[in-house]
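As stored in final.csv (CSV, C-alpha atoms and all ligand atoms):
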```
chain,number,residue,atom,x,y,z
C,1,MET,CA,-89.6,21.6,-22.2
C,2,THR,CA,-92.7,22.1,-24.4
C,3,SER,CA,-93.5,25.1,-26.5
C,4,THR,CA,-96.6,26.1,-28.4
C,5,PRO,CA,-96.2,26.8,-32.1
C,6,VAL,CA,-96.5,30.5,-32.9
C,7,ASP,CA,-99.5,30.0,-35.2
C,8,ALA,CA,-101.4,28.1,-32.5
C,9,GLN,CA,-101.6,31.0,-30.1
C,10,ALA,CA,-104.8,32.2,-31.6
C,11,ASP,CA,-106.3,34.2,-28.8
C,12,THR,CA,-103.5,36.7,-28.4
C,13,ARG,CA,-104.2,39.9,-30.3
C,14,LEU,CA,-101.3,42.2,-31.4
C,15,PRO,CA,-101.7,45.9,-30.6
C,16,LEU,CA,-101.3,46.9,-34.3
C,17,ARG,CA,-101.6,50.6,-35.0
C,18,PRO,CA,-105.2,51.0,-36.2
C,19,GLU,CA,-104.0,52.8,-39.4
C,20,LEU,CA,-102.1,49.7,-40.4
C,21,ALA,CA,-105.0,47.3,-40.2
C,22,GLY,CA,-105.5,45.6,-43.5
C,23,GLU,CA,-102.5,47.3,-45.1
C,24,GLU,CA,-100.4,45.2,-47.5
C,25,PRO,CA,-96.6,45.5,-47.7
C,26,TYR,CA,-95.6,47.9,-50.5
C,27,GLY,CA,-94.0,46.5,-53.7
C,28,ALA,CA,-94.6,45.5,-57.2
C,29,PRO,CA,-95.0,41.7,-57.9
C,30,GLN,CA,-91.6,40.0,-58.1
C,31,LEU,CA,-92.4,37.3,-60.7
C,32,ASP,CA,-90.1,35.0,-62.5
C,33,VAL,CA,-90.6,36.2,-66.0
C,34,PRO,CA,-88.1,36.5,-69.0
C,35,VAL,CA,-88.6,40.3,-69.6
C,36,LEU,CA,-88.7,42.4,-66.4
C,37,LEU,CA,-89.8,45.9,-67.3
C,38,ASN,CA,-91.8,46.8,-64.2
C,39,VAL,CA,-89.6,48.5,-61.6
C,40,ASN,CA,-87.4,50.8,-63.6
C,41,GLU,CA,-84.2,49.0,-63.0
C,42,ASN,CA,-81.1,49.3,-65.3
C,43,PRO,CA,-81.2,46.2,-67.5
C,44,TYR,CA,-77.4,46.1,-67.8
C,45,PRO,CA,-75.6,44.1,-65.0
C,46,PRO,CA,-72.2,45.4,-63.9
C,47,SER,CA,-69.2,44.3,-65.9
C,48,GLU,CA,-66.7,41.8,-64.6
C,49,ALA,CA,-64.3,44.6,-63.9
C,50,VAL,CA,-66.9,46.3,-61.7
C,51,VAL,CA,-67.8,43.0,-60.0
C,52,ALA,CA,-64.1,42.4,-59.3
C,53,SER,CA,-63.6,45.8,-57.7
C,54,ILE,CA,-66.7,45.4,-55.6
C,55,ALA,CA,-65.7,41.9,-54.5
C,56,ASN,CA,-62.2,43.2,-53.4
C,57,ALA,CA,-63.8,46.1,-51.5
C,58,VAL,CA,-66.2,43.7,-49.7
C,59,ALA,CA,-63.4,41.4,-48.8
C,60,GLU,CA,-61.5,44.3,-47.3
C,61,ALA,CA,-64.6,45.4,-45.4
C,62,ALA,CA,-65.2,41.8,-44.2
C,63,ARG,CA,-61.8,41.9,-42.4
C,64,GLY,CA,-63.2,44.6,-40.1
C,65,LEU,CA,-66.7,43.3,-39.6
C,66,ASN,CA,-66.2,42.8,-35.9
C,67,ARG,CA,-66.3,46.6,-35.6
C,68,TYR,CA,-69.3,48.8,-36.2
C,69,PRO,CA,-69.0,50.8,-39.5
C,70,ASP,CA,-68.1,54.5,-39.8
C,71,ARG,CA,-71.4,56.1,-38.6
C,72,GLU,CA,-70.6,59.3,-40.5
C,73,PHE,CA,-69.4,57.6,-43.7
C,74,ARG,CA,-67.6,60.7,-44.7
C,75,GLU,CA,-65.5,59.0,-47.4
C,76,LEU,CA,-68.7,57.9,-49.2
C,77,ARG,CA,-70.3,61.4,-48.7
C,78,THR,CA,-67.2,63.0,-50.2
C,79,ALA,CA,-67.2,60.7,-53.2
C,80,LEU,CA,-71.0,61.3,-53.8
C,81,ALA,CA,-70.4,65.1,-53.6
C,82,GLY,CA,-67.7,64.8,-56.2
C,83,TYR,CA,-70.0,62.8,-58.4
C,84,LEU,CA,-72.8,65.3,-58.2
C,85,GLU,CA,-70.5,68.2,-58.9
C,86,ARG,CA,-69.4,66.6,-62.0
C,87,GLU,CA,-72.8,65.2,-63.1
C,88,ALA,CA,-74.8,68.5,-62.6
C,89,GLN,CA,-71.9,70.9,-63.2
C,90,VAL,CA,-72.2,72.5,-59.8
C,91,THR,CA,-69.5,73.6,-57.3
C,92,GLY,CA,-69.2,73.9,-53.6
C,93,LEU,CA,-70.5,70.5,-52.5
C,94,ASP,CA,-68.7,68.5,-49.8
C,95,ALA,CA,-69.4,65.7,-47.3
C,96,ASP,CA,-71.3,68.2,-45.1
C,97,HIS,CA,-73.9,68.7,-47.9
C,98,LEU,CA,-74.4,65.0,-48.5
C,99,TRP,CA,-76.4,62.3,-46.8
C,100,ALA,CA,-77.0,58.6,-47.7
C,101,ALA,CA,-79.0,55.7,-46.6
C,102,ASN,CA,-80.3,52.3,-47.8
C,103,GLY,CA,-82.0,53.5,-50.9
C,104,SER,CA,-83.5,57.0,-51.4
C,105,ASN,CA,-86.5,55.4,-49.8
C,106,GLU,CA,-84.7,55.5,-46.5
C,107,VAL,CA,-83.4,59.0,-47.2
C,108,MET,CA,-87.0,60.1,-47.6
C,109,LEU,CA,-88.1,58.4,-44.5
C,110,HIS,CA,-85.3,60.3,-42.6
C,111,LEU,CA,-86.7,63.5,-44.1
C,112,LEU,CA,-90.2,62.7,-42.8
C,113,GLN,CA,-88.8,61.6,-39.4
C,114,ALA,CA,-87.0,64.9,-39.1
C,115,PHE,CA,-89.5,67.3,-40.5
C,116,GLY,CA,-92.9,65.5,-40.4
C,117,GLY,CA,-94.8,64.0,-37.5
C,118,PRO,CA,-98.1,64.4,-35.7
C,119,GLY,CA,-99.9,67.7,-36.6
C,120,ARG,CA,-97.7,68.2,-39.6
C,121,THR,CA,-98.4,67.7,-43.3
C,122,ALA,CA,-96.4,66.3,-46.3
C,123,LEU,CA,-97.7,67.3,-49.7
C,124,SER,CA,-97.3,66.1,-53.3
C,125,PHE,CA,-99.1,66.3,-56.6
C,126,ALA,CA,-100.8,63.3,-58.1
C,127,PRO,CA,-100.1,61.2,-60.0
C,128,THR,CA,-96.9,60.8,-58.0
C,129,TYR,CA,-94.6,58.2,-56.5
C,130,SER,CA,-96.8,55.7,-54.6
C,131,MET,CA,-94.3,55.3,-51.7
C,132,TYR,CA,-94.7,58.9,-50.5
C,133,PRO,CA,-98.0,58.3,-48.6
C,134,GLU,CA,-96.4,55.4,-46.8
C,135,TYR,CA,-93.6,57.5,-45.5
C,136,ALA,CA,-96.3,59.9,-44.2
C,137,ARG,CA,-98.3,57.1,-42.7
C,138,ASP,CA,-95.3,55.6,-40.9
C,139,THR,CA,-94.3,58.9,-39.4
C,140,ASN,CA,-97.8,60.0,-38.4
C,141,THR,CA,-97.6,62.9,-40.9
C,142,THR,CA,-100.8,64.1,-42.6
C,143,TRP,CA,-100.8,63.3,-46.3
C,144,VAL,CA,-102.2,65.9,-48.8
C,145,THR,CA,-102.1,65.7,-52.6
C,146,GLY,CA,-102.9,68.3,-55.2
C,147,ARG,CA,-103.3,67.4,-58.8
C,148,ARG,CA,-101.1,67.7,-61.8
C,149,GLU,CA,-102.6,69.0,-65.1
C,150,GLU,CA,-104.1,66.7,-67.7
C,151,ASP,CA,-100.7,66.4,-69.4
C,152,PHE,CA,-99.1,65.7,-66.1
C,153,THR,CA,-97.2,69.0,-65.9
C,154,LEU,CA,-97.4,71.1,-62.7
C,155,ASP,CA,-99.1,74.4,-62.8
C,156,ALA,CA,-96.9,76.7,-60.7
C,157,ASP,CA,-99.6,79.1,-59.6
C,158,ARG,CA,-101.9,76.4,-58.4
C,159,ALA,CA,-99.1,74.5,-56.7
C,160,CYS,CA,-97.9,77.6,-54.9
C,161,GLU,CA,-101.5,78.4,-53.8
C,162,LEU,CA,-101.9,74.9,-52.3
C,163,ILE,CA,-98.6,75.1,-50.5
C,164,ALA,CA,-99.4,78.5,-49.1
C,165,ARG,CA,-102.8,77.2,-47.9
C,166,GLU,CA,-101.7,73.8,-46.5
C,167,ARG,CA,-98.4,75.0,-44.8
C,168,PRO,CA,-96.7,71.6,-45.3
C,169,ALA,CA,-93.6,70.6,-43.4
C,170,VAL,CA,-92.4,68.7,-46.5
C,171,VAL,CA,-93.2,69.0,-50.2
C,172,LEU,CA,-92.2,65.9,-52.2
C,173,LEU,CA,-91.7,66.6,-55.9
C,174,PRO,CA,-90.2,63.8,-58.1
C,175,SER,CA,-88.5,65.2,-61.2
C,176,PRO,CA,-88.6,63.3,-63.4
C,177,ASN,CA,-91.9,62.3,-62.0
C,178,ASN,CA,-92.8,58.6,-61.4
C,179,PRO,CA,-95.0,57.3,-63.0
C,180,THR,CA,-95.3,59.9,-65.8
C,181,GLY,CA,-91.6,60.7,-66.6
C,182,THR,CA,-92.3,64.4,-66.5
C,183,ALA,CA,-89.5,66.7,-65.4
C,184,LEU,CA,-90.2,70.0,-63.6
C,185,PRO,CA,-88.8,73.2,-65.3
C,186,LEU,CA,-86.4,75.0,-63.0
C,187,GLU,CA,-88.6,78.1,-63.0
C,188,THR,CA,-91.4,76.0,-61.5
C,189,VAL,CA,-89.1,74.7,-58.8
C,190,GLN,CA,-87.8,78.2,-58.1
C,191,ARG,CA,-91.4,79.6,-57.7
C,192,ILE,CA,-92.2,76.8,-55.3
C,193,LEU,CA,-89.0,77.4,-53.3
C,194,ASP,CA,-89.8,81.1,-53.1
C,195,VAL,CA,-93.3,80.3,-51.6
C,196,ALA,CA,-91.9,77.5,-49.4
C,197,ARG,CA,-89.4,79.8,-47.7
C,198,THR,CA,-92.1,80.8,-45.2
C,199,SER,CA,-94.9,78.3,-45.8
C,200,GLY,CA,-93.9,75.7,-43.2
C,201,PRO,CA,-95.9,74.5,-40.2
C,202,ILE,CA,-96.6,77.0,-37.5
C,203,ASP,CA,-96.6,74.8,-34.4
C,204,VAL,CA,-96.0,75.4,-30.7
C,205,ALA,CA,-92.5,73.9,-30.7
C,206,ASN,CA,-91.4,76.3,-33.4
C,207,ASP,CA,-92.9,79.3,-31.7
C,208,ASP,CA,-91.4,78.4,-28.4
C,209,ALA,CA,-88.0,77.6,-29.7
C,210,GLU,CA,-86.8,81.2,-29.8
C,211,SER,CA,-88.9,84.2,-29.3
C,212,THR,CA,-87.3,86.0,-32.3
C,213,SER,CA,-88.1,83.1,-34.6
C,214,ALA,CA,-91.8,83.4,-33.9
C,215,ALA,CA,-91.8,86.5,-36.2
C,216,THR,CA,-90.7,84.6,-39.3
C,217,PRO,CA,-92.7,81.5,-40.2
C,218,PRO,CA,-90.5,78.4,-40.9
C,219,ALA,CA,-89.9,77.1,-44.3
C,220,SER,CA,-91.4,74.0,-45.9
C,221,VAL,CA,-88.6,71.6,-46.9
C,222,VAL,CA,-88.9,71.1,-50.7
C,223,VAL,CA,-87.6,67.6,-51.7
C,224,ILE,CA,-86.9,67.3,-55.4
C,225,ASP,CA,-86.7,63.6,-55.9
C,226,GLU,CA,-84.2,63.1,-58.8
C,227,ALA,CA,-84.1,59.3,-58.7
C,228,TYR,CA,-84.1,59.3,-62.5
C,229,ALA,CA,-82.2,62.6,-63.2
C,230,GLU,CA,-79.4,61.0,-65.1
C,231,PHE,CA,-81.8,60.0,-67.8
C,232,ARG,CA,-83.1,63.6,-68.3
C,233,ARG,CA,-83.1,65.1,-71.8
C,234,GLU,CA,-80.4,67.7,-72.8
C,235,ALA,CA,-82.4,70.8,-72.0
C,236,THR,CA,-83.5,69.7,-68.6
C,237,PRO,CA,-81.3,71.0,-65.8
C,238,SER,CA,-81.0,69.5,-62.3
C,239,ALA,CA,-82.4,71.2,-59.2
C,240,LEU,CA,-78.9,70.8,-57.7
C,241,THR,CA,-78.1,74.1,-59.5
C,242,LEU,CA,-80.5,75.8,-57.0
C,243,LEU,CA,-79.0,74.5,-53.8
C,244,ALA,CA,-76.7,77.4,-53.1
C,245,ASP,CA,-79.5,79.9,-52.4
C,246,ASN,CA,-82.1,77.6,-50.9
C,247,PRO,CA,-81.3,76.1,-47.4
C,248,HIS,CA,-84.8,74.5,-47.5
C,249,LEU,CA,-84.1,72.5,-50.6
C,250,ALA,CA,-83.1,68.8,-50.6
C,251,VAL,CA,-82.3,67.0,-53.9
C,252,THR,CA,-82.4,63.2,-53.6
C,253,ARG,CA,-80.7,60.8,-55.9
C,254,THR,CA,-80.1,57.0,-56.0
C,255,MET,CA,-77.6,54.5,-57.3
C,256,SER,CA,-80.5,52.2,-58.1
C,257,LYS,CA,-81.3,53.5,-61.6
C,258,ALA,CA,-78.6,55.0,-63.8
C,259,PHE,CA,-75.8,53.4,-61.8
C,260,GLY,CA,-77.5,50.0,-62.2
C,261,MET,CA,-77.0,49.2,-58.5
C,262,ALA,CA,-80.6,48.6,-57.3
C,263,GLY,CA,-79.5,45.6,-55.3
C,264,ALA,CA,-76.9,47.5,-53.3
C,265,ARG,CA,-79.5,49.8,-51.8
C,266,VAL,CA,-77.8,53.2,-51.8
C,267,GLY,CA,-79.7,56.5,-52.1
C,268,TYR,CA,-78.5,59.9,-51.1
C,269,LEU,CA,-79.3,63.6,-51.0
C,270,ALA,CA,-77.6,66.9,-51.3
C,271,ALA,CA,-78.8,69.9,-49.1
C,272,ALA,CA,-77.4,72.6,-46.9
C,273,PRO,CA,-75.4,71.3,-43.9
C,274,ALA,CA,-78.1,72.3,-41.4
C,275,LEU,CA,-80.7,70.2,-43.2
C,276,VAL,CA,-78.3,67.2,-43.3
C,277,ASP,CA,-77.6,67.6,-39.6
C,278,ALA,CA,-81.3,67.2,-38.9
C,279,LEU,CA,-81.2,63.8,-40.7
C,280,ARG,CA,-78.2,62.8,-38.6
C,281,VAL,CA,-80.3,63.1,-35.5
C,282,VAL,CA,-83.1,60.7,-36.7
C,283,ARG,CA,-81.0,58.0,-38.4
C,284,LEU,CA,-80.4,54.7,-36.6
C,285,PRO,CA,-76.8,54.4,-35.5
C,286,TYR,CA,-74.7,52.6,-38.1
C,287,HIS,CA,-77.6,52.5,-40.5
C,288,LEU,CA,-75.3,52.2,-43.5
C,289,SER,CA,-73.4,48.9,-43.2
C,290,ALA,CA,-69.7,48.6,-43.8
C,291,VAL,CA,-70.5,46.3,-46.7
C,292,THR,CA,-72.9,48.9,-48.3
C,293,GLN,CA,-70.3,51.7,-47.9
C,294,ALA,CA,-67.6,49.5,-49.5
C,295,VAL,CA,-69.9,48.5,-52.4
C,296,ALA,CA,-71.0,52.1,-53.1
C,297,LEU,CA,-67.4,53.5,-53.0
C,298,ALA,CA,-66.2,50.7,-55.3
C,299,ALA,CA,-69.0,51.4,-57.7
C,300,LEU,CA,-68.4,55.1,-57.7
C,301,GLY,CA,-64.8,54.4,-58.7
C,302,HIS,CA,-66.3,53.0,-62.0
C,303,THR,CA,-68.9,55.8,-62.6
C,304,ASP,CA,-68.1,56.3,-66.2
C,305,GLU,CA,-68.3,52.6,-67.1
C,306,LEU,CA,-71.5,52.1,-65.0
C,307,MET,CA,-73.1,55.1,-66.7
C,308,ALA,CA,-72.0,54.1,-70.2
C,309,GLN,CA,-75.4,52.7,-70.9
C,310,VAL,CA,-77.4,55.8,-69.9
C,311,ALA,CA,-77.1,57.5,-73.3
C,312,SER,CA,-78.3,54.3,-75.1
C,313,LEU,CA,-81.1,53.9,-72.6
C,314,ARG,CA,-82.2,57.5,-73.3
C,315,GLU,CA,-82.2,56.8,-77.1
C,316,GLU,CA,-84.1,53.5,-76.5
C,317,ARG,CA,-86.7,55.5,-74.5
C,318,ASP,CA,-87.2,58.1,-77.1
C,319,GLY,CA,-87.5,55.4,-79.8
C,320,LEU,CA,-90.1,53.6,-77.6
C,321,VAL,CA,-92.2,56.8,-77.2
C,322,THR,CA,-92.2,57.3,-81.0
C,323,TRP,CA,-93.1,53.7,-81.6
C,324,LEU,CA,-96.0,53.7,-79.1
C,325,LEU,CA,-97.4,56.9,-80.7
C,326,SER,CA,-97.0,55.3,-84.1
C,327,GLN,CA,-99.2,52.5,-82.9
C,328,GLY,CA,-102.0,55.0,-82.2
C,329,LEU,CA,-101.4,54.9,-78.5
C,330,ASP,CA,-100.8,57.7,-76.0
C,331,ALA,CA,-97.3,57.9,-74.6
C,332,VAL,CA,-96.1,60.6,-72.2
C,333,PRO,CA,-92.9,62.3,-73.2
C,334,SER,CA,-90.3,61.1,-70.6
C,335,ASP,CA,-87.1,62.3,-69.0
C,336,ALA,CA,-86.8,59.0,-67.1
C,337,ASN,CA,-86.0,55.4,-68.0
C,338,PHE,CA,-89.6,54.4,-68.3
C,339,VAL,CA,-92.7,55.4,-70.4
C,340,LEU,CA,-96.3,55.8,-69.3
C,341,PHE,CA,-98.5,54.6,-72.1
C,342,GLY,CA,-102.2,53.9,-72.7
C,343,ARG,CA,-105.0,54.4,-72.6
C,344,PHE,CA,-106.8,51.2,-72.3
C,345,THR,CA,-110.4,50.6,-71.2
C,346,ASP,CA,-109.2,47.5,-69.4
C,347,ARG,CA,-105.5,48.0,-68.5
C,348,ASN,CA,-105.5,44.9,-66.4
C,349,ALA,CA,-106.3,42.8,-69.5
C,350,VAL,CA,-103.4,44.3,-71.4
C,351,TRP,CA,-101.1,43.8,-68.4
C,352,GLU,CA,-102.1,40.2,-68.1
C,353,GLY,CA,-101.8,39.7,-71.9
C,354,LEU,CA,-98.2,41.0,-71.7
C,355,LEU,CA,-97.5,38.8,-68.7
C,356,GLU,CA,-98.8,35.7,-70.6
C,357,ARG,CA,-96.2,36.5,-73.3
C,358,GLY,CA,-93.4,36.8,-70.7
C,359,VAL,CA,-93.3,40.6,-70.4
C,360,LEU,CA,-93.9,42.2,-67.0
C,361,VAL,CA,-94.8,45.9,-66.9
C,362,ARG,CA,-96.4,47.9,-64.1
C,363,GLN,CA,-100.0,48.7,-63.4
C,364,THR,CA,-99.6,52.1,-61.8
C,365,GLY,CA,-100.7,55.7,-62.3
C,366,PRO,CA,-104.1,56.9,-63.5
C,367,ASP,CA,-106.6,54.3,-64.6
C,368,GLY,CA,-106.1,53.3,-68.2
C,369,TRP,CA,-102.3,53.7,-68.3
C,370,LEU,CA,-99.5,51.2,-67.9
C,371,ARG,CA,-95.8,51.9,-67.2
C,372,VAL,CA,-93.0,50.2,-69.0
C,373,SER,CA,-89.3,50.4,-68.1
C,374,VAL,CA,-86.7,50.9,-70.8
C,375,GLY,CA,-84.8,47.6,-71.2
C,376,THR,CA,-82.2,46.3,-73.6
C,377,PRO,CA,-83.0,46.5,-77.3
C,378,GLU,CA,-83.9,42.8,-77.2
C,379,GLU,CA,-86.3,43.4,-74.3
C,380,THR,CA,-87.9,46.4,-76.0
C,381,ALA,CA,-88.4,44.2,-79.1
C,382,ALA,CA,-90.0,41.5,-77.0
C,383,PHE,CA,-92.3,44.1,-75.4
C,384,LYS,CA,-93.3,45.6,-78.7
C,385,ALA,CA,-94.0,42.2,-80.2
C,386,ALA,CA,-96.1,41.2,-77.2
C,387,LEU,CA,-98.1,44.4,-77.2
C,388,VAL,CA,-98.9,44.2,-80.9
C,389,GLU,CA,-100.2,40.7,-80.3
C,390,VAL,CA,-102.2,41.7,-77.2
C,391,LEU,CA,-103.8,44.6,-78.9
C,392,GLY,CA,-104.5,42.7,-82.1
C,393,ALA,CA,-106.0,39.7,-80.2
C,401,LIG,N1,-88.1,58.0,-55.9
C,401,LIG,C1,-88.7,57.6,-57.0
C,401,LIG,C2,-89.4,58.6,-57.8
C,401,LIG,C3,-88.7,56.2,-57.4
C,401,LIG,O1,-89.3,55.8,-58.5
C,401,LIG,C4,-87.9,55.3,-56.6
C,401,LIG,C5,-87.8,53.8,-56.9
C,401,LIG,N2,-88.8,53.3,-57.6
C,401,LIG,C6,-87.3,55.8,-55.5
C,401,LIG,C7,-87.4,57.1,-55.2
C,401,LIG,C8,-86.6,54.9,-54.5
C,401,LIG,O2,-85.5,54.2,-55.0
C,401,LIG,P1,-84.4,53.6,-54.1
C,401,LIG,O3,-84.9,53.4,-52.7
C,401,LIG,O4,-84.1,52.3,-54.8
C,401,LIG,O5,-83.3,54.6,-54.2
```

In structure tokens, what does this structure look like?
Amino acid sequence: MTSTPVDAQADTRLPLRPELAGEEPYGAPQLDVPVLLNVNENPYPPSEAVVASIANAVAEAARGLNRYPDREFRELRTALAGYLEREAQVTGLDADHLWAANGSNEVMLHLLQAFGGPGRTALSFAPTYSMYPEYARDTNTTWVTGRREEDFTLDADRACELIARERPAVVLLPSPNNPTGTALPLETVQRILDVARTSGPIDVANDDAESTSAATPPASVVVIDEAYAEFRREATPSALTLLADNPHLAVTRTMSKAFGMAGARVGYLAAAPALVDALRVVRLPYHLSAVTQAVALAALGHTDELMAQVASLREERDGLVTWLLSQGLDAVPSDANFVLFGRFTDRNAVWEGLLERGVLVRQTGPDGWLRVSVGTPEETAAFKAALVEVLGA
């Protein structure tokens, strides 16, 4: 039997969706560099005690790998609800309010699959997380961006006006924002939630669904993306405190940042049970593997230990902002585990200069700015030394 190598079949054209032509896969460069400060990871690996618990849990899960995993993963959802109640000092959350997937990336894809789609709009305010337009593209959802102010805050009046005008199905608001680190005051979130209660898409399917529902326009789903919430400063509350009165609010979180579990791929959200039920419809069956569930549950059993570094990372971040300002640079006040700094006439040259000195940061956000993740004190010191050299060169 003969076969033709795949790369020799040159005259067969794939029916690629036109909007994907020329698109590159999303992701920051994964380079082998001593100081990695480019994707907002937690610089502290899990302790040996955590590693041992995870290994035991995975071994146990391995014994049942001939079976599909628990599709509803209620044990994990209950554990996540308990964690959130404690972290944000809220009550009334249980498994029915929780959802999880392979990173909050996948949670947000589920949101767009359930509420976006052709003829519908998702909206955010730039500069914002650069994956959002990709979820929109991949679900055939129209993507609209408003602007943040010069200082990267959100003007509530202008935001509400745009939402009322565009009638988005989904509003995506990171708080703290990536790449600026700016958190939204709860008053702003509440104003947006008030407008969003009736600012959703008015489409045929909604009007036909029930004749009585045609009188009340649907809501926009407001997603407060709290991937970095555990790093917020003292006075910054979580949008979880607004869940009880807002069935159109979804608060997303992740184990990738504060928990230091980026490699495990576990993101989750809290919302009203009806919203969670919509996500259960669009998820692939068994999307969260038995291994992932076991890892997440084992890690949650060590929450306090895993989070022990969060306070020192916050301090490290505040020190970094102060230091950048003392160098005569701009640095945006941050509630996250990264800092946006600048402004450089040639940010690429600064990025390359740092890379040559073994420090990888991220070229993202508005032109002229760079973003650096908060690392260990040693990594921060290496970053500072490299930056001084680059700027002095
Ligand atoms: N939201 C924001 C604002 C992020 O910066 C990130 C990761 N960079 C995510 C969501 C997704 O994180 P994960 O999929 O690892 O949970």

Problem set entry | Near-range 221-237 of chain C list (9 Å; only C-alpha atoms; drop same-chain fewer than 3 positions) as a PyMOL selection string | chain C and resi 87-88+104+108+111+115+168-178+181+183-186+189+192-193+196-197+200+240-241+247-258+267+269+275+307+310-311+313-314+334-337

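Across the structure, CA of Ala55 in chain C and CA of Tyr268 in chain C are spaced 22.3 Å apart.
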
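Closest to Trp351 in chain C among C:Asn105, C:Ser289, C:Asn38, C:Gln30 is C:Asn38, based on all atoms listed in the file.
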
Problem set entry | Counting only C-alpha atoms and all ligand atoms, the residue of C:Phe338, C:Tyr83, C:Tyr286, C:Tyr68 that sits nearest ligand LIG 401 (chain C) | C:Phe338

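A straight line drawn from CA of Gly301 in chain C to CA of Glu85 in chain C is 14.9 Å long.
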
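Of the listed residues (C:Ala386, C:Val266, C:Ala331, C:Val144), C:Ala331 comes nearest to Gly368 in chain C; the distances count only C-alpha atoms.
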
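You can rank C:Ala114, C:Thr364, C:Leu320, C:Ser326 by their closest distance to ligand LIG 401 (chain C) using all atoms listed in the file, and at the top of that list sits C:Thr364.
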
Generate the missing atoms of range 122-133 of chain C up to N, CA, C and O atoms and report them as a short mmCIF file (atom, residue, chain, number, x, y, z; two decimals), in the coordinates of the input.
```
data_model
loop_
_atom_site.label_atom_id
_atom_site.label_comp_id
_atom_site.auth_asym_id
_atom_site.auth_seq_id
_atom_site.Cartn_x
_atom_site.Cartn_y
_atom_site.Cartn_z
N ALA C 122 -97.32 66.47 -45.11
CA ALA C 122 -96.40 66.30 -46.30
C ALA C 122 -97.35 66.40 -47.51
O ALA C 122 -98.48 65.90 -47.50
N LEU C 123 -96.84 67.01 -48.57
CA LEU C 123 -97.70 67.30 -49.70
C LEU C 123 -97.00 66.93 -51.02
O LEU C 123 -95.79 67.11 -51.18
N SER C 124 -97.78 66.37 -51.95
CA SER C 124 -97.30 66.10 -53.30
C SER C 124 -98.41 66.34 -54.28
O SER C 124 -99.52 66.72 -53.88
N PHE C 125 -98.14 66.12 -55.55
CA PHE C 125 -99.10 66.30 -56.60
C PHE C 125 -99.30 65.07 -57.40
O PHE C 125 -98.35 64.57 -57.99
N ALA C 126 -100.53 64.55 -57.42
CA ALA C 126 -100.80 63.30 -58.10
C ALA C 126 -100.97 63.44 -59.58
O ALA C 126 -101.41 64.50 -60.01
N PRO C 127 -100.68 62.43 -60.39
CA PRO C 127 -100.10 61.20 -60.00
C PRO C 127 -98.61 61.32 -59.59
O PRO C 127 -97.86 62.03 -60.26
N THR C 128 -98.24 60.63 -58.53
CA THR C 128 -96.90 60.80 -58.00
C THR C 128 -96.40 59.44 -57.47
O THR C 128 -97.12 58.44 -57.52
N TYR C 129 -95.19 59.41 -56.96
CA TYR C 129 -94.60 58.20 -56.50
C TYR C 129 -95.39 57.55 -55.36
O TYR C 129 -95.64 58.23 -54.36
N SER C 130 -95.76 56.28 -55.53
CA SER C 130 -96.80 55.70 -54.60
C SER C 130 -96.20 55.34 -53.24
O SER C 130 -96.94 54.95 -52.36
N MET C 131 -94.89 55.49 -53.02
CA MET C 131 -94.30 55.30 -51.70
C MET C 131 -94.53 56.47 -50.76
O MET C 131 -94.51 56.32 -49.54
N TYR C 132 -94.68 57.67 -51.33
CA TYR C 132 -94.70 58.90 -50.50
C TYR C 132 -95.78 58.76 -49.36
O TYR C 132 -95.48 59.08 -48.20
N PRO C 133 -97.02 58.34 -49.70
CA PRO C 133 -98.00 58.30 -48.60
C PRO C 133 -97.61 57.29 -47.52
O PRO C 133 -98.03 57.46 -46.37
#
```
